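Novice: For reference, this is work19.pdb, and it has PDB, C-alpha atoms, pLDDT in the B column.
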```pdb
ATOM      1  CA  GLY A 145      72.970 198.853 164.324  1.00 68.00           C
ATOM      2  CA  GLN A 146      75.742 201.310 163.647  1.00 77.00           C
ATOM      3  CA  SER A 147      76.082 203.387 160.500  1.00 88.00           C
ATOM      4  CA  LEU A 148      78.458 206.095 159.378  1.00 92.00           C
ATOM      5  CA  GLU A 149      77.935 207.933 156.117  1.00 95.00           C
ATOM      6  CA  GLN A 150      80.649 209.750 154.199  1.00 96.00           C
ATOM      7  CA  PRO A 151      81.028 210.563 150.501  1.00 96.00           C
ATOM      8  CA  SER A 152      82.754 207.892 148.462  1.00 95.00           C
ATOM      9  CA  GLU A 153      85.001 210.160 146.431  1.00 96.00           C
ATOM     10  CA  VAL A 154      86.163 213.772 146.183  1.00 97.00           C
ATOM     11  CA  THR A 155      88.404 215.345 143.540  1.00 97.00           C
ATOM     12  CA  ALA A 156      90.187 218.670 143.966  1.00 97.00           C
ATOM     13  CA  VAL A 157      93.235 220.546 142.693  1.00 97.00           C
ATOM     14  CA  GLU A 158      96.445 221.321 144.526  1.00 97.00           C
ATOM     15  CA  GLY A 159      96.091 224.242 146.904  1.00 97.00           C
ATOM     16  CA  ALA A 160      92.336 223.830 147.245  1.00 97.00           C
ATOM     17  CA  ILE A 161      90.298 223.072 150.376  1.00 97.00           C
ATOM     18  CA  VAL A 162      88.309 219.877 150.775  1.00 98.00           C
ATOM     19  CA  GLN A 163      85.710 219.108 153.436  1.00 98.00           C
ATOM     20  CA  ILE A 164      84.770 215.492 154.085  1.00 98.00           C
ATOM     21  CA  ASN A 165      81.502 215.142 155.974  1.00 98.00           C
ATOM     22  CA  CYS A 166      80.595 212.260 158.242  1.00 98.00           C
ATOM     23  CA  THR A 167      77.187 211.605 159.754  1.00 97.00           C
ATOM     24  CA  TYR A 168      76.687 208.783 162.197  1.00 95.00           C
ATOM     25  CA  GLN A 169      73.951 206.752 163.829  1.00 92.00           C
ATOM     26  CA  THR A 170      75.373 204.565 166.576  1.00 85.00           C
ATOM     27  CA  SER A 171      74.110 202.981 169.771  1.00 80.00           C
ATOM     28  CA  GLY A 172      76.855 204.669 171.773  1.00 80.00           C
ATOM     29  CA  PHE A 173      79.193 207.566 171.167  1.00 86.00           C
ATOM     30  CA  TYR A 174      82.330 208.710 172.921  1.00 88.00           C
ATOM     31  CA  GLY A 175      84.224 210.412 170.145  1.00 91.00           C
ATOM     32  CA  LEU A 176      84.921 210.755 166.434  1.00 94.00           C
ATOM     33  CA  SER A 177      88.283 209.881 164.911  1.00 94.00           C
ATOM     34  CA  TRP A 178      89.745 210.345 161.448  1.00 96.00           C
ATOM     35  CA  TYR A 179      92.275 208.086 159.750  1.00 97.00           C
ATOM     36  CA  GLN A 180      94.192 208.424 156.508  1.00 97.00           C
ATOM     37  CA  GLN A 181      95.156 205.492 154.314  1.00 97.00           C
ATOM     38  CA  HIS A 182      97.335 205.664 151.224  1.00 96.00           C
ATOM     39  CA  ASP A 183      96.947 202.952 148.613  1.00 93.00           C
ATOM     40  CA  GLY A 184      98.743 199.830 149.796  1.00 89.00           C
ATOM     41  CA  GLY A 185      99.398 201.334 153.211  1.00 92.00           C
ATOM     42  CA  ALA A 186      98.043 201.010 156.714  1.00 94.00           C
ATOM     43  CA  PRO A 187      95.535 203.490 158.157  1.00 95.00           C
ATOM     44  CA  THR A 188      97.189 206.196 160.235  1.00 95.00           C
ATOM     45  CA  PHE A 189      95.570 208.394 162.836  1.00 94.00           C
ATOM     46  CA  LEU A 190      94.816 212.032 162.024  1.00 95.00           C
ATOM     47  CA  SER A 191      92.572 213.425 164.747  1.00 94.00           C
ATOM     48  CA  TYR A 192      90.116 212.743 167.552  1.00 92.00           C
ATOM     49  CA  ASN A 193      87.165 214.853 168.744  1.00 93.00           C
ATOM     50  CA  ALA A 194      85.342 214.030 171.954  1.00 90.00           C
ATOM     51  CA  LEU A 195      83.784 217.454 172.458  1.00 93.00           C
ATOM     52  CA  ASP A 196      81.924 219.793 170.128  1.00 96.00           C
ATOM     53  CA  GLY A 197      84.050 222.191 168.172  1.00 97.00           C
ATOM     54  CA  LEU A 198      87.037 222.434 165.906  1.00 97.00           C
ATOM     55  CA  GLU A 199      90.420 220.790 166.419  1.00 94.00           C
ATOM     56  CA  GLU A 200      93.249 222.068 164.245  1.00 93.00           C
ATOM     57  CA  THR A 201      96.432 220.180 163.447  1.00 88.00           C
ATOM     58  CA  GLY A 202      98.474 221.916 160.808  1.00 92.00           C
ATOM     59  CA  ARG A 203      96.720 221.817 157.443  1.00 96.00           C
ATOM     60  CA  PHE A 204      94.074 219.432 158.732  1.00 96.00           C
ATOM     61  CA  SER A 205      91.154 220.324 161.009  1.00 97.00           C
ATOM     62  CA  SER A 206      88.344 218.213 162.395  1.00 98.00           C
ATOM     63  CA  PHE A 207      84.959 219.337 163.648  1.00 98.00           C
ATOM     64  CA  LEU A 208      82.294 217.649 165.739  1.00 97.00           C
ATOM     65  CA  SER A 209      78.679 218.474 166.549  1.00 97.00           C
ATOM     66  CA  ARG A 210      77.307 215.846 168.926  1.00 94.00           C
ATOM     67  CA  SER A 211      73.779 217.251 168.796  1.00 93.00           C
ATOM     68  CA  ASP A 212      73.729 216.843 164.996  1.00 95.00           C
ATOM     69  CA  SER A 213      75.596 213.500 164.989  1.00 95.00           C
ATOM     70  CA  TYR A 214      77.904 215.086 162.456  1.00 96.00           C
ATOM     71  CA  GLY A 215      81.530 215.814 161.938  1.00 98.00           C
ATOM     72  CA  TYR A 216      83.897 216.778 159.184  1.00 98.00           C
ATOM     73  CA  LEU A 217      87.547 216.702 158.238  1.00 98.00           C
ATOM     74  CA  LEU A 218      88.913 219.795 156.529  1.00 98.00           C
ATOM     75  CA  LEU A 219      91.980 219.479 154.353  1.00 98.00           C
ATOM     76  CA  GLN A 220      93.561 222.830 153.496  1.00 97.00           C
ATOM     77  CA  GLU A 221      96.280 223.782 151.021  1.00 97.00           C
ATOM     78  CA  LEU A 222      95.905 220.417 149.363  1.00 98.00           C
ATOM     79  CA  GLN A 223      99.096 218.689 148.248  1.00 97.00           C
ATOM     80  CA  MET A 224      99.545 215.747 145.898  1.00 97.00           C
ATOM     81  CA  LYS A 225     100.573 213.586 148.851  1.00 97.00           C
ATOM     82  CA  ASP A 226      97.105 214.108 150.361  1.00 98.00           C
ATOM     83  CA  SER A 227      95.664 211.770 147.714  1.00 98.00           C
ATOM     84  CA  ALA A 228      94.450 208.939 149.917  1.00 97.00           C
ATOM     85  CA  SER A 229      91.354 207.458 151.511  1.00 97.00           C
ATOM     86  CA  TYR A 230      90.004 209.092 154.658  1.00 97.00           C
ATOM     87  CA  PHE A 231      87.880 207.250 157.195  1.00 96.00           C
ATOM     88  CA  CYS A 232      85.757 208.591 160.001  1.00 96.00           C
ATOM     89  CA  ALA A 233      85.275 206.292 162.975  1.00 93.00           C
ATOM     90  CA  VAL A 234      83.145 206.410 166.117  1.00 92.00           C
ATOM     91  CA  SER A 235      84.416 205.226 169.511  1.00 88.00           C
ATOM     92  CA  LEU A 236      81.769 203.039 171.111  1.00 79.00           C
ATOM     93  CA  ILE A 237      83.574 202.581 174.397  1.00 71.00           C
ATOM     94  CA  LYS A 238      84.574 205.354 176.785  1.00 66.00           C
ATOM     95  CA  ALA A 239      88.225 205.474 175.835  1.00 63.00           C
ATOM     96  CA  ALA A 240      89.658 207.446 172.970  1.00 57.00           C
ATOM     97  CA  GLY A 241      90.115 205.291 169.927  1.00 59.00           C
ATOM     98  CA  ASN A 242      88.692 202.150 171.471  1.00 79.00           C
ATOM     99  CA  LYS A 243      86.253 199.823 169.742  1.00 80.00           C
ATOM    100  CA  LEU A 244      85.886 201.871 166.610  1.00 87.00           C
ATOM    101  CA  THR A 245      83.163 201.592 163.996  1.00 88.00           C
ATOM    102  CA  PHE A 246      84.428 202.921 160.666  1.00 91.00           C
ATOM    103  CA  GLY A 247      82.705 204.623 157.774  1.00 92.00           C
ATOM    104  CA  GLY A 248      83.176 203.328 154.253  1.00 92.00           C
ATOM    105  CA  GLY A 249      85.912 205.837 153.484  1.00 94.00           C
ATOM    106  CA  THR A 250      86.265 208.838 151.177  1.00 96.00           C
ATOM    107  CA  ARG A 251      88.784 208.618 148.393  1.00 96.00           C
ATOM    108  CA  VAL A 252      90.409 212.013 147.814  1.00 98.00           C
ATOM    109  CA  LEU A 253      92.122 212.573 144.494  1.00 97.00           C
ATOM    110  CA  VAL A 254      94.326 215.655 144.220  1.00 97.00           C
ATOM    111  CA  LYS A 255      95.072 216.866 140.704  1.00 96.00           C
ATOM    112  CA  PRO A 256      97.881 219.212 139.659  1.00 94.00           C
TER     113      PRO A 256
ATOM    114  CA  ASP B 195     107.718 204.489 167.314  1.00 72.00           C
ATOM    115  CA  VAL B 196     104.993 201.951 167.862  1.00 68.00           C
ATOM    116  CA  LYS B 197     105.417 198.944 165.659  1.00 89.00           C
ATOM    117  CA  VAL B 198     102.671 196.511 164.724  1.00 95.00           C
ATOM    118  CA  THR B 199     103.771 193.664 162.521  1.00 96.00           C
ATOM    119  CA  GLN B 200     101.785 190.986 160.736  1.00 96.00           C
ATOM    120  CA  SER B 201     103.180 187.627 159.765  1.00 91.00           C
ATOM    121  CA  SER B 202     102.505 187.832 156.035  1.00 92.00           C
ATOM    122  CA  ARG B 203     101.740 190.555 153.476  1.00 94.00           C
ATOM    123  CA  TYR B 204     100.188 188.112 151.020  1.00 96.00           C
ATOM    124  CA  LEU B 205      98.693 184.690 151.592  1.00 97.00           C
ATOM    125  CA  VAL B 206      96.943 182.248 149.281  1.00 98.00           C
ATOM    126  CA  LYS B 207      94.973 179.378 150.817  1.00 97.00           C
ATOM    127  CA  ARG B 208      92.549 176.770 149.595  1.00 98.00           C
ATOM    128  CA  THR B 209      88.920 176.450 150.624  1.00 98.00           C
ATOM    129  CA  GLY B 210      88.606 174.429 153.819  1.00 97.00           C
ATOM    130  CA  GLU B 211      92.130 175.088 155.073  1.00 97.00           C
ATOM    131  CA  LYS B 212      92.765 176.339 158.580  1.00 97.00           C
ATOM    132  CA  VAL B 213      94.472 179.736 158.406  1.00 97.00           C
ATOM    133  CA  PHE B 214      96.445 181.550 161.083  1.00 97.00           C
ATOM    134  CA  LEU B 215      97.152 185.281 160.864  1.00 98.00           C
ATOM    135  CA  GLU B 216      99.607 186.563 163.436  1.00 97.00           C
ATOM    136  CA  CYS B 217      99.984 190.073 164.795  1.00 97.00           C
ATOM    137  CA  VAL B 218     102.644 191.382 167.174  1.00 97.00           C
ATOM    138  CA  GLN B 219     102.920 194.819 168.794  1.00 96.00           C
ATOM    139  CA  ASP B 220     105.914 196.139 170.704  1.00 94.00           C
ATOM    140  CA  MET B 221     104.339 198.838 172.913  1.00 91.00           C
ATOM    141  CA  ASP B 222     102.804 196.799 175.713  1.00 92.00           C
ATOM    142  CA  HIS B 223      99.297 197.841 174.637  1.00 92.00           C
ATOM    143  CA  GLU B 224      96.435 196.064 176.342  1.00 91.00           C
ATOM    144  CA  ASN B 225      93.852 196.354 173.579  1.00 92.00           C
ATOM    145  CA  MET B 226      94.288 194.754 170.184  1.00 95.00           C
ATOM    146  CA  PHE B 227      91.931 194.406 167.239  1.00 95.00           C
ATOM    147  CA  TRP B 228      91.387 192.467 164.032  1.00 97.00           C
ATOM    148  CA  TYR B 229      89.586 194.048 161.073  1.00 97.00           C
ATOM    149  CA  ARG B 230      88.844 193.084 157.540  1.00 97.00           C
ATOM    150  CA  GLN B 231      88.795 195.727 154.846  1.00 95.00           C
ATOM    151  CA  ASP B 232      86.755 195.429 151.665  1.00 93.00           C
ATOM    152  CA  PRO B 233      86.200 198.126 149.021  1.00 86.00           C
ATOM    153  CA  GLY B 234      83.371 200.491 149.913  1.00 81.00           C
ATOM    154  CA  LEU B 235      82.781 198.828 153.284  1.00 85.00           C
ATOM    155  CA  GLY B 236      85.567 200.443 155.245  1.00 88.00           C
ATOM    156  CA  LEU B 237      87.104 198.510 158.102  1.00 93.00           C
ATOM    157  CA  ARG B 238      84.868 196.054 159.898  1.00 93.00           C
ATOM    158  CA  LEU B 239      85.761 194.788 163.346  1.00 92.00           C
ATOM    159  CA  ILE B 240      86.041 191.009 163.620  1.00 96.00           C
ATOM    160  CA  TYR B 241      87.290 190.550 167.185  1.00 95.00           C
ATOM    161  CA  PHE B 242      89.100 192.515 169.814  1.00 92.00           C
ATOM    162  CA  SER B 243      90.994 191.694 172.980  1.00 94.00           C
ATOM    163  CA  TYR B 244      91.398 193.889 176.055  1.00 90.00           C
ATOM    164  CA  ASP B 245      93.792 191.645 177.934  1.00 89.00           C
ATOM    165  CA  VAL B 246      95.601 188.341 177.727  1.00 92.00           C
ATOM    166  CA  LYS B 247      93.113 185.513 177.217  1.00 90.00           C
ATOM    167  CA  MET B 248      90.255 188.048 177.053  1.00 90.00           C
ATOM    168  CA  LYS B 249      88.361 188.547 173.831  1.00 92.00           C
ATOM    169  CA  GLU B 250      85.154 190.042 172.573  1.00 91.00           C
ATOM    170  CA  LYS B 251      83.266 189.650 169.333  1.00 92.00           C
ATOM    171  CA  GLY B 252      83.148 192.560 166.956  1.00 90.00           C
ATOM    172  CA  ASP B 253      80.626 193.161 164.212  1.00 88.00           C
ATOM    173  CA  ILE B 254      81.458 190.205 161.950  1.00 94.00           C
ATOM    174  CA  PRO B 255      82.899 187.327 164.047  1.00 96.00           C
ATOM    175  CA  GLU B 256      81.260 184.469 162.135  1.00 96.00           C
ATOM    176  CA  GLY B 257      83.816 182.089 160.662  1.00 96.00           C
ATOM    177  CA  TYR B 258      86.659 183.484 162.771  1.00 98.00           C
ATOM    178  CA  SER B 259      88.225 182.894 166.154  1.00 97.00           C
ATOM    179  CA  VAL B 260      91.098 184.538 167.985  1.00 97.00           C
ATOM    180  CA  SER B 261      93.804 183.731 170.476  1.00 97.00           C
ATOM    181  CA  ARG B 262      95.723 185.975 172.848  1.00 97.00           C
ATOM    182  CA  GLU B 263      98.143 183.951 174.954  1.00 96.00           C
ATOM    183  CA  LYS B 264     100.694 186.742 175.348  1.00 96.00           C
ATOM    184  CA  LYS B 265     100.126 190.467 175.619  1.00 95.00           C
ATOM    185  CA  GLU B 266     102.108 191.329 172.526  1.00 96.00           C
ATOM    186  CA  ARG B 267     100.562 188.753 170.218  1.00 97.00           C
ATOM    187  CA  PHE B 268      97.020 188.493 168.861  1.00 97.00           C
ATOM    188  CA  SER B 269      96.163 185.769 166.373  1.00 97.00           C
ATOM    189  CA  LEU B 270      93.218 185.499 164.015  1.00 98.00           C
ATOM    190  CA  ILE B 271      92.135 182.010 163.015  1.00 98.00           C
ATOM    191  CA  LEU B 272      89.976 180.992 160.098  1.00 97.00           C
ATOM    192  CA  GLU B 273      88.838 177.516 161.089  1.00 95.00           C
ATOM    193  CA  SER B 274      87.801 176.521 157.572  1.00 97.00           C
ATOM    194  CA  ALA B 275      88.609 179.165 154.990  1.00 98.00           C
ATOM    195  CA  SER B 276      85.953 180.051 152.458  1.00 98.00           C
ATOM    196  CA  THR B 277      86.118 182.180 149.317  1.00 97.00           C
ATOM    197  CA  ASN B 278      84.050 184.940 150.935  1.00 97.00           C
ATOM    198  CA  GLN B 279      86.877 185.414 153.415  1.00 98.00           C
ATOM    199  CA  THR B 280      89.140 186.686 150.656  1.00 98.00           C
ATOM    200  CA  SER B 281      90.007 190.150 151.924  1.00 97.00           C
ATOM    201  CA  MET B 282      92.592 192.470 153.431  1.00 97.00           C
ATOM    202  CA  TYR B 283      93.078 191.757 157.148  1.00 98.00           C
ATOM    203  CA  LEU B 284      94.373 194.499 159.398  1.00 97.00           C
ATOM    204  CA  CYS B 285      95.552 194.196 162.966  1.00 97.00           C
ATOM    205  CA  ALA B 286      95.740 197.170 165.334  1.00 96.00           C
ATOM    206  CA  SER B 287      96.682 197.991 168.893  1.00 94.00           C
ATOM    207  CA  LEU B 288      95.353 200.854 170.988  1.00 90.00           C
ATOM    208  CA  GLY B 289      97.505 203.724 172.191  1.00 86.00           C
ATOM    209  CA  PRO B 290      96.387 206.724 174.297  1.00 81.00           C
ATOM    210  CA  TYR B 291      94.196 208.245 171.566  1.00 80.00           C
ATOM    211  CA  GLU B 292      94.515 206.157 168.505  1.00 88.00           C
ATOM    212  CA  GLN B 293      94.853 202.739 167.013  1.00 92.00           C
ATOM    213  CA  TYR B 294      98.143 201.751 165.420  1.00 94.00           C
ATOM    214  CA  PHE B 295      97.728 199.488 162.436  1.00 96.00           C
ATOM    215  CA  GLY B 296      99.909 196.803 160.977  1.00 96.00           C
ATOM    216  CA  PRO B 297     100.656 196.694 157.234  1.00 95.00           C
ATOM    217  CA  GLY B 298      97.870 194.213 156.539  1.00 96.00           C
ATOM    218  CA  THR B 299      97.656 190.705 155.120  1.00 97.00           C
ATOM    219  CA  ARG B 300      95.965 190.267 151.779  1.00 97.00           C
ATOM    220  CA  LEU B 301      94.392 186.811 151.963  1.00 98.00           C
ATOM    221  CA  THR B 302      93.106 185.051 148.878  1.00 98.00           C
ATOM    222  CA  VAL B 303      91.067 181.881 149.326  1.00 98.00           C
ATOM    223  CA  THR B 304      90.721 179.799 146.169  1.00 97.00           C
TER     224      THR B 304
END
```
Please go through the file and, once you have read it, give me the structure as structure tokens.
Specialist:
Amino acid sequence: GQSLEQPSEVTAVEGAIVQINCTYQTSGFYGLSWYQQHDGGAPTFLSYNALDGLEETGRFSSFLSRSDSYGYLLLQELQMKDSASYFCAVSLIKAAGNKLTFGGGTRVLVKP
Amino acid sequence: DVKVTQSSRYLVKRTGEKVFLECVQDMDHENMFWYRQDPGLGLRLIYFSYDVKMKEKGDIPEGYSVSREKKERFSLILESASTNQTSMYLCASLGPYEQYFGPGTRLTVT
């Protein structure tokens, strides 16, 4: 079976840095994606890592270690609008973003 | 901008009813997906389609079927709705790197 583990909830203050870890055990692996979902909204894509290393997109960065079956999403300079749920997801088919298995999500609460 | 639309935001059905959830995307994407989302369980894949009339089961297909007669439209069918199918249903289509999600349909089966 497939399993992805990520913390259920994280609380931090504005301006802080938050790291959301994701460990996975899947029968196939072609890449790790991260999605953001605000309450009542649809998930939206944040990043995709197919190779080991760090990908940086503005305040958000994502890291992957294939040998450790581990990745993380780093949120820097936290803002109130970053309060949302964040999901890691593994691509099981060799095409970015295809046939994803999602983790249970991490709810991030940003306090003033 | 890619647009994925779903036929209803909220739906209330009775146990045993046949339920149709419709999803339309406007970007000529080949791959489309149906998920259900429940608290603490993330998004679970019900079915996906990689071409017209082509479909594949996801992780939780029991109690569901799908139809893809046209490229832009992917329908999820609950043949006989049950209370344990009360959930948020999300449709998505696949772009170059990511999935684009619709706004979701919150289905309540009473």
Novice: Please list as a list in words every residue within 8 Å of A:Leu208, counting all atoms listed in the file and excluding residues in the same chain fewer than 3 positions away.
Specialist: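 The neighbour list is Leu176, Asn193, Ala194, Leu195, Asp196, Gly197, Leu198, Ser213, Tyr214, Gly215 and Tyr216 of chain A.
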Novice: The selected residues should be written to file as a PDB file, in the coordinates of the input (atoms: C-alpha atoms).
Specialist:
```pdb
ATOM      1  CA  LEU A 176      84.921 210.755 166.434  1.00 94.00           C
ATOM      2  CA  ASN A 193      87.165 214.853 168.744  1.00 93.00           C
ATOM      3  CA  ALA A 194      85.342 214.030 171.954  1.00 90.00           C
ATOM      4  CA  LEU A 195      83.784 217.454 172.458  1.00 93.00           C
ATOM      5  CA  ASP A 196      81.924 219.793 170.128  1.00 96.00           C
ATOM      6  CA  GLY A 197      84.050 222.191 168.172  1.00 97.00           C
ATOM      7  CA  LEU A 198      87.037 222.434 165.906  1.00 97.00           C
ATOM      8  CA  SER A 213      75.596 213.500 164.989  1.00 95.00           C
ATOM      9  CA  TYR A 214      77.904 215.086 162.456  1.00 96.00           C
ATOM     10  CA  GLY A 215      81.530 215.814 161.938  1.00 98.00           C
ATOM     11  CA  TYR A 216      83.897 216.778 159.184  1.00 98.00           C
TER      12      TYR A 216
END
```
Novice: From the options B:Glu292, B:Leu301, B:Gln279, B:Leu272, which residue's atoms come nearest to A:Val234, counting all atoms listed in the file?
Specialist: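 The shortest atom-to-atom distance to A:Val234 comes from B:Glu292.
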Novice: Could you please tell me, as a short mmCIF file (atom, residue, chain, number, x, y, z; two decimals) with C-alpha atoms, in the coordinates of the input, which residues of chain B have an atom within 9 Å of chain A when using all atoms listed in the file?
Specialist:
```cif
data_model
loop_
_atom_site.label_atom_id
_atom_site.label_comp_id
_atom_site.auth_asym_id
_atom_site.auth_seq_id
_atom_site.Cartn_x
_atom_site.Cartn_y
_atom_site.Cartn_z
CA ASN B 225 93.85 196.35 173.58
CA PHE B 227 91.93 194.41 167.24
CA PRO B 233 86.20 198.13 149.02
CA GLY B 234 83.37 200.49 149.91
CA LEU B 235 82.78 198.83 153.28
CA GLY B 236 85.57 200.44 155.24
CA LEU B 237 87.10 198.51 158.10
CA ARG B 238 84.87 196.05 159.90
CA LEU B 239 85.76 194.79 163.35
CA PHE B 242 89.10 192.52 169.81
CA GLY B 252 83.15 192.56 166.96
CA ASP B 253 80.63 193.16 164.21
CA LEU B 284 94.37 194.50 159.40
CA LEU B 288 95.35 200.85 170.99
CA GLY B 289 97.50 203.72 172.19
CA PRO B 290 96.39 206.72 174.30
CA TYR B 291 94.20 208.24 171.57
CA GLU B 292 94.52 206.16 168.50
CA GLN B 293 94.85 202.74 167.01
CA TYR B 294 98.14 201.75 165.42
CA PHE B 295 97.73 199.49 162.44
CA GLY B 296 99.91 196.80 160.98
CA PRO B 297 100.66 196.69 157.23
CA GLY B 298 97.87 194.21 156.54
#
```
Novice: Just so the selection is clear, what residues does the PyMOL selection byres ((chain B and resi 213) around 8) cover here, as JSON, numbers by chain?
Specialist: {"B": [207, 211, 212, 214, 215, 271, 272, 273, 274, 275]}
Novice: If you apply the PyMOL selection byres ((chain B and resi 258) around 8) to this file, what residues do you get, as an MDAnalysis selection string?
Specialist: chainID B and resid 240 255:257 259:260 270:273
Novice: What separation in Å, quoted to one decimal, exists between atom CA of B:Tyr229 and atom CA of A:Ser206?
Specialist: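 Computed distance, atom CA of B:Tyr229 to atom CA of A:Ser206, equals 24.2 Å.
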Novice: Would you pick out the contacts of B:Glu263 at 10 Å or less, using all atoms listed in the file, so that residues sharing its chain but fewer than 3 positions from it are not included, and give the list as a list in words?
Specialist: Asp245, Val246, Lys247, Met248, Val260, Glu266, Arg267, Phe268 and Ser269 of chain B
Novice: I'd like the contact shell of B:Tyr204 - 10 Å cut-off, only C-alpha atoms, skipping same-chain residues fewer than 3 positions apart - returned as number ranges by chain.
Specialist: B: 201, 282, 298-302
Novice: Written as a ChimeraX atom specification, which residues does the PyMOL selection byres ((chain B and resi 220) around 10) give for the file shown?
Specialist: /B:195-199,218-219,221-223,265-267,287
Novice: Pull C-alpha atoms from the residues just selected and write them as a compact mmCIF listing (two decimals), in the coordinates of the input.
Specialist:
```
# COMPACT_ATOMS: atom_id res chain seq x y z
CA ASP B 195 107.72 204.49 167.31
CA VAL B 196 104.99 201.95 167.86
CA LYS B 197 105.42 198.94 165.66
CA VAL B 198 102.67 196.51 164.72
CA THR B 199 103.77 193.66 162.52
CA VAL B 218 102.64 191.38 167.17
CA GLN B 219 102.92 194.82 168.79
CA MET B 221 104.34 198.84 172.91
CA ASP B 222 102.80 196.80 175.71
CA HIS B 223 99.30 197.84 174.64
CA LYS B 265 100.13 190.47 175.62
CA GLU B 266 102.11 191.33 172.53
CA ARG B 267 100.56 188.75 170.22
CA SER B 287 96.68 197.99 168.89
```
Novice: Mind pulling up the distance from atom CA of A:Gln150 to atom CA of A:Arg210?
Specialist: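 Interatomic distance here is 16.3 Å.
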Novice: Quick one: of A:Thr155, A:Asn165, A:Thr170, A:Thr201, who's nearest to A:Ser227, counting all atoms listed in the file?
Specialist: A:Thr155
Novice: If you count all atoms listed in the file, which residues fall within 8 Å of A:Phe204, apart from same-chain ones fewer than 5 positions away, as a list in words?
Specialist: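 Residues near the query, excluding close chain neighbours: Leu217, Leu218, Leu219 and Gln220 of chain A.
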Novice: Interatomic distance between atom CA of B:Thr277 and atom CA of A:Glu149?
Specialist: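 The value is 27.9 Å.
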Novice: Point out the residue among B:Gln231, B:Thr304, B:Ser261, B:Ser202 with the least atom-to-atom distance to B:Tyr283, counting all atoms listed in the file.
Specialist: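 For B:Tyr283, the nearest of the candidates is B:Gln231.
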Novice: Would you fill the gaps in stretch 255-266 of chain B so it has N, CA, C and O atoms, then print it as a compact mmCIF listing (two decimals), in the frame of the given file?
Specialist:
```
# COMPACT_ATOMS: atom_id res chain seq x y z
N PRO B 255 82.03 188.39 163.54
CA PRO B 255 82.90 187.33 164.05
C PRO B 255 82.69 185.95 163.41
O PRO B 255 83.51 185.05 163.60
N GLU B 256 81.59 185.80 162.65
CA GLU B 256 81.26 184.47 162.14
C GLU B 256 82.36 183.95 161.22
O GLU B 256 82.78 184.62 160.29
N GLY B 257 82.79 182.72 161.48
CA GLY B 257 83.82 182.09 160.66
C GLY B 257 85.23 182.35 161.15
O GLY B 257 86.19 181.86 160.55
N TYR B 258 85.35 183.12 162.23
CA TYR B 258 86.66 183.48 162.77
C TYR B 258 86.74 183.16 164.26
O TYR B 258 85.73 183.11 164.95
N SER B 259 87.96 182.95 164.73
CA SER B 259 88.22 182.89 166.15
C SER B 259 89.55 183.60 166.39
O SER B 259 90.27 183.92 165.43
N VAL B 260 89.86 183.84 167.66
CA VAL B 260 91.10 184.54 167.98
C VAL B 260 91.76 183.89 169.18
O VAL B 260 91.15 183.12 169.93
N SER B 261 93.04 184.24 169.34
CA SER B 261 93.80 183.73 170.48
C SER B 261 94.74 184.83 170.95
O SER B 261 95.41 185.48 170.14
N ARG B 262 94.78 185.00 172.28
CA ARG B 262 95.72 185.98 172.85
C ARG B 262 96.33 185.34 174.09
O ARG B 262 95.84 185.46 175.20
N GLU B 263 97.44 184.65 173.87
CA GLU B 263 98.14 183.95 174.95
C GLU B 263 99.20 184.84 175.60
O GLU B 263 99.55 184.67 176.77
N LYS B 264 99.72 185.78 174.83
CA LYS B 264 100.69 186.74 175.35
C LYS B 264 100.24 188.15 175.00
O LYS B 264 99.57 188.36 173.99
N LYS B 265 100.62 189.10 175.79
CA LYS B 265 100.13 190.47 175.62
C LYS B 265 100.48 191.04 174.26
O LYS B 265 99.70 191.78 173.66
N GLU B 266 101.65 190.71 173.76
CA GLU B 266 102.11 191.33 172.53
C GLU B 266 101.57 190.67 171.26
O GLU B 266 101.71 191.20 170.19
```
